[in-house]
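Structure first, then comments.
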Amino acid sequence: SGEKRRWTCRAPDFPILETTEVEGVRYAVALLSLPDGLPFGYHRLSINLPGRSAETLIISAPHSAYTPEKNDDSREWGIFIPLYALHSDRSGGAGDFADLERLMDWTARMGGKVVATLPILTTPPIPTYEPSPYLPGSRLLWNEFYLDLMRIPEFSRCPEAQETIASSSFTREIRSLRAAPLVDYQRQMALKRRVLEMLCRCLFAEHSARRESLSRFSRTNPLADDYACFMATVEKQDSAWHRWPEHLRNRNLNQDDYDEQSRRYHLYVQWLAYQQVQELSAGARQKVMRWYLDLPLGVHPDGYDTWREKDAFVQKVSAGAPPDAVFTAGQDWLFPPLHPERIREQGYRYVIAYLRHHLQHASILRIDHVMQLHRLFWIPHEMEPGQGVYVRYPSEELYAILALESHRHQAIIVGEDLGTVAPEVRPAMSHHGLHRMYVLHYELADEHGLRRRIPRHCVASLNTHDMPPFTAFWRSLDIAQREKLGLLDQSAAKRESMQRQATRKSLVSFLRRKGWLGKSADSFSALKACLAFLSSSRARFVLVNLEDLWQETNPQNVPSTTEEYPNWRRKARQSFENFCQTPEVTDILSLVDRLRKRRGNSKREH
């Protein structure tokens, strides 16, 4: 609030707890108790000693992240589909914000309360374009690729844009994009940009209330204006920022460094994205729906964030994972990690900013690779993953920021804790009130059905975007696919097939023992039984992958592949209009809805 409080303390008021010596320097740890409690928030503490002063950040935060009321025993369900994969008869080759709004409306009518998708953040600049939603250009801005052109007010006042969209060449391009099985991001964005540039010119052609609104947005959101300057400079330099002249690399941009029309365009589309995302989140809350957003672990090294917050990132290092039983060579995720000491010195400015960017709209926020709060694997450039090292992060401070921001925005925090995680991570998540993930794919055991009981504070699902769809898993199609892609040799594929057969047999036995599966054990019957099992559990949320309901067999992403598989580009096999009326889809979701709303049914879960 800007209020200042002052105290005078004597040395006995803060006794020395311990002393230590590091590299020849002696340090003492003392406990300083403040006379009054602090309100929740971020405070600056200054200590003035004779001949010396120091300042630090104090994070006064709730003990745990936000959760609904303790007596709220509701069990909600929702659906998941990547926004780019969602498409309809009105969209132009990939889903957009209007399609997402229609999906929210339909889910609400079916009884669902949650809609989840992959990150929808801005992509890296064109010279280093990357379609992965987990390698965005920024964690601070939304992706204009998903704008609904028809909803933009300038469209009704721009004859040039109307004539362009109505032209035979434009409609032919749209039909071609719609018919393609894969999303062509660059081709579609080029088409969309033609129209957006026309709308931008119409706005700036005369003074209006809308133009004044954009000016206010620019003044109150300097980040968006800075991003527009950055993108306009990228286009003028036609190269990644690492190859710019030194003064540009050091964020010293002036009007001669970029084209003003380009800057206006990028500011305009960010303003539009801000408005449409705001309308989406407001509409979701009005329907009592939860929008489940996903916060990626890193950003593209050539993107806006690494230029703007260069000091917060470690140069010439990538984050990744060490070799393990699945990825025997380890993993290099190609993005620079945050520097744990520098983000502390900055008062966690960047971390707080990207959390607030998401939490002002998300009712649920998933933290990708939640182990990042504790430690992250660093791989020096020009070295193999096996030569990397784990680096610790100030976890208690990061949990405090998560707890504080989640309470301020009344949003639930979900930590992605799948696979191999450090032993201290899950107890810390529980201690700080983060929801866990329960993915059936990871919980299957060869002999006993499931490894553990479904916890209450979790998001339960059959799989994730990095796993094969349920039908592919059930038929072992993913094993054959990985062998074909060279990710498994013949002997490894044979071992996995035998293990999968045993796992499938154990799951069938478990589901029959619990009364969810009858005599038939085909993939659709097993899918229905598994979803019924999850829905009957005490899990706070159950997410249904829409593509599972029409028995999709191709995954959205195959980890450790790049050009070998079209990751992040595959459209859903069924359009919005089709799956909304498909009995297999609606019948299963009706079953899920009934089981989620039935009280006292969780006793059958294990």
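Here, A, B, ... name the chains of the structure tokens in the order displayed, residue numbers run from 1 inside each chain, and ligands are numbered from 1 in the same displayed order.
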Range 47-273 of chain A: residues DSSP assigns to alpha helix (DSSP H), reported as a ChimeraX atom specification: /A:97-110,159-166,168-179,185-204,209-220,222-237,246-249,260-273
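Taking range 356-386 of chain A and asking which residues DSSP calls strand (DSSP E) on the backbone, you get Ile364, Leu365, Arg366, Ile367, Arg375, Leu376, Phe377, Trp378, Ile379 and Pro380 of chain A.
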Who sits within 12 Å of Asn48 in chain A, only C-alpha atoms, same chain under 3 positions skipped, as a PyMOL selection string: chain A and resi 6-10+45+51-56
Kindly assemble as a Markdown table a list of the range 514-557 of chain A residues that lie within 12 Å of range 419-442 of chain A, each paired with its nearest atom pair and their distance in Å to one decimal, using only C-alpha atoms, sorted first by chain and then by ascending residue number.
```
| residue | atom | partner | partner_atom | distance |
| --- | --- | --- | --- | --- |
| A:Leu527 | CA | A:Leu440 | CA | 11.3 |
| A:Cys530 | CA | A:Leu440 | CA | 8.4 |
| A:Leu531 | CA | A:Leu440 | CA | 9.8 |
| A:Phe533 | CA | A:Leu440 | CA | 10.2 |
| A:Leu534 | CA | A:Leu440 | CA | 8.6 |
| A:Ser537 | CA | A:Tyr438 | CA | 11.2 |
| A:Arg538 | CA | A:Tyr438 | CA | 11.6 |
| A:Ala539 | CA | A:Tyr438 | CA | 8.6 |
| A:Arg540 | CA | A:His435 | CA | 8.8 |
| A:Phe541 | CA | A:Met437 | CA | 9.6 |
| A:Val542 | CA | A:Tyr438 | CA | 9.2 |
| A:Leu543 | CA | A:Val439 | CA | 9.8 |
| A:Val544 | CA | A:Val439 | CA | 11.1 |
| A:Asn545 | CA | A:Val439 | CA | 11.7 |
```
Shell of 6 Å around range 288-294 of chain A, only C-alpha atoms, local chain residues under 6 positions omitted, as number ranges by chain: A: 113-116, 118-119, 362-366
Computed interatomic separation between CA of Ile588 in chain A and CA of Ala526 in chain A (Å): 12.0 Å
Long-range neighbours of Asp522 in chain A as a PyMOL selection string, 12 Å cut-off, only C-alpha atoms, 4 positions minimum in chain: chain A and resi 470-471+474-475+504-505+508+517-518+526-529+551
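Nearest-residue note for Gln188 in chain A: choosing from A:Pro322, A:Pro124, A:Gly92, A:Pro12, the minimum distance belongs to A:Gly92, counting only C-alpha atoms.
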A:Ile58, A:Gly386, A:Pro153, A:Phe170 ranked by distance to Phe327 in chain A, top pick (using only C-alpha atoms):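 Counting only C-alpha atoms, the residue closest to Phe327 in chain A is A:Gly386.
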A:Val314, A:Met198, A:Leu57, A:Ala282 ranked by distance to His361 in chain A, top pick (using only C-alpha atoms):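 Answer, going by the shortest atom-to-atom distance: A:Ala282.
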Could you name the residues that touch range 2-4 of chain A at 12 Å or less, counting only C-alpha atoms, but leaving out those on the same chain fewer than 6 positions away, as a short mmCIF file (atom, residue, chain, number, x, y, z; two decimals) with N, CA, C and O atoms, in the first residue's frame?
```
data_model
loop_
_atom_site.label_atom_id
_atom_site.label_comp_id
_atom_site.auth_asym_id
_atom_site.auth_seq_id
_atom_site.Cartn_x
_atom_site.Cartn_y
_atom_site.Cartn_z
N LEU A 38 2.68 -8.73 9.21
CA LEU A 38 2.59 -8.02 7.94
C LEU A 38 1.37 -8.51 7.16
O LEU A 38 1.07 -9.70 7.16
N PRO A 39 0.68 -7.62 6.47
CA PRO A 39 -0.39 -8.08 5.58
C PRO A 39 0.20 -8.89 4.43
O PRO A 39 1.38 -8.72 4.09
N GLY A 41 1.45 -9.89 1.01
CA GLY A 41 1.94 -9.08 -0.10
C GLY A 41 3.46 -9.09 -0.16
O GLY A 41 4.12 -9.86 0.55
N TYR A 42 4.01 -8.22 -1.00
CA TYR A 42 5.46 -8.12 -1.19
C TYR A 42 5.93 -6.84 -0.50
O TYR A 42 5.43 -5.75 -0.77
N HIS A 43 6.88 -6.97 0.39
CA HIS A 43 7.37 -5.85 1.18
C HIS A 43 8.89 -5.74 1.04
O HIS A 43 9.58 -6.74 0.83
N ARG A 44 9.39 -4.51 1.16
CA ARG A 44 10.84 -4.29 1.17
C ARG A 44 11.28 -4.05 2.61
O ARG A 44 10.75 -3.18 3.30
N LEU A 45 12.24 -4.82 3.06
CA LEU A 45 12.79 -4.67 4.41
C LEU A 45 14.19 -4.06 4.32
O LEU A 45 15.07 -4.63 3.66
N SER A 46 14.36 -2.91 4.95
CA SER A 46 15.68 -2.26 5.00
C SER A 46 16.23 -2.37 6.42
O SER A 46 15.51 -2.09 7.39
#
```
Residue neighbourhood range 575-585 of chain A, 6 Å, only C-alpha atoms, exclusion window fewer than 4 positions, as a VMD selection string: chain A and resid 87 to 88 549
Prev. selection, all heavy atoms, output as a PDB file, in the first residue's frame:
```pdb
ATOM      1  N   HIS A  87     -11.548 -27.541 -34.291  1.00  0.00           N
ATOM      2  CA  HIS A  87     -11.920 -26.802 -35.497  1.00  0.00           C
ATOM      3  C   HIS A  87     -13.415 -26.976 -35.752  1.00  0.00           C
ATOM      4  O   HIS A  87     -14.042 -27.922 -35.275  1.00  0.00           O
ATOM      5  CB  HIS A  87     -11.112 -27.274 -36.716  1.00  0.00           C
ATOM      6  CG  HIS A  87     -11.292 -28.733 -37.025  1.00  0.00           C
ATOM      7  ND1 HIS A  87     -12.164 -29.195 -37.987  1.00  0.00           N
ATOM      8  CD2 HIS A  87     -10.723 -29.845 -36.488  1.00  0.00           C
ATOM      9  CE1 HIS A  87     -12.118 -30.522 -38.039  1.00  0.00           C
ATOM     10  NE2 HIS A  87     -11.247 -30.935 -37.135  1.00  0.00           N
ATOM     11  N   SER A  88     -13.962 -26.026 -36.486  1.00  0.00           N
ATOM     12  CA  SER A  88     -15.400 -26.028 -36.746  1.00  0.00           C
ATOM     13  C   SER A  88     -15.659 -25.608 -38.185  1.00  0.00           C
ATOM     14  O   SER A  88     -14.732 -25.267 -38.930  1.00  0.00           O
ATOM     15  CB  SER A  88     -16.108 -25.069 -35.783  1.00  0.00           C
ATOM     16  OG  SER A  88     -15.739 -23.732 -36.067  1.00  0.00           O
ATOM     17  N   LEU A 549     -12.651 -40.112 -27.023  1.00  0.00           N
ATOM     18  CA  LEU A 549     -14.047 -40.539 -27.133  1.00  0.00           C
ATOM     19  C   LEU A 549     -14.399 -41.042 -28.529  1.00  0.00           C
ATOM     20  O   LEU A 549     -15.366 -41.780 -28.681  1.00  0.00           O
ATOM     21  CB  LEU A 549     -14.982 -39.389 -26.720  1.00  0.00           C
ATOM     22  CG  LEU A 549     -14.749 -38.838 -25.312  1.00  0.00           C
ATOM     23  CD1 LEU A 549     -15.820 -37.818 -24.959  1.00  0.00           C
ATOM     24  CD2 LEU A 549     -14.721 -39.961 -24.271  1.00  0.00           C
TER      25      LEU A 549
END
```
Given only C-alpha atoms as the counted atoms, nearest of A:Trp333, A:Tyr84, A:Trp550, A:Trp307 to Asp184 in chain A: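 Smallest separation from Asp184 in chain A among the options: A:Tyr84.
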Using only C-alpha atoms: which of A:Ser213, A:Ser176, A:Thr562, A:Ser536 has the shortest distance to Val592 in chain A: A:Ser536
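Distance annotation: of A:Ser208, A:Gln275, A:Gln186, A:Thr20, the residue with the minimal separation from Phe97 in chain A is A:Gln275; atom set is only C-alpha atoms.
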Go through range 234-294 of chain A residue by residue and, counting only C-alpha atoms, keep those with an atom at most 8 Å from range 136-151 of chain A; for each kept residue give the shortest atom pair and its distance in Å to one decimal, ordered by chain and increasing number, as a Markdown table.
```
| residue | atom | partner | partner_atom | distance |
| --- | --- | --- | --- | --- |
| A:Val269 | CA | A:Glu144 | CA | 6.0 |
| A:Gln270 | CA | A:Glu144 | CA | 6.7 |
| A:Leu272 | CA | A:Leu147 | CA | 7.5 |
| A:Ala273 | CA | A:Glu144 | CA | 5.8 |
| A:Tyr274 | CA | A:Trp142 | CA | 7.1 |
| A:Gln276 | CA | A:Leu147 | CA | 7.3 |
```
Distance of CA of Gln574 in chain A from CA of Phe524 in chain A, expressed in Å to one decimal place: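 Interatomic distance here is 17.0 Å.
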Separation of CA of Thr553 in chain A from CA of Pro469 in chain A, in Å and rounded to one decimal: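 One can read the CA of Thr553 in chain A to CA of Pro469 in chain A distance as 5.7 Å.
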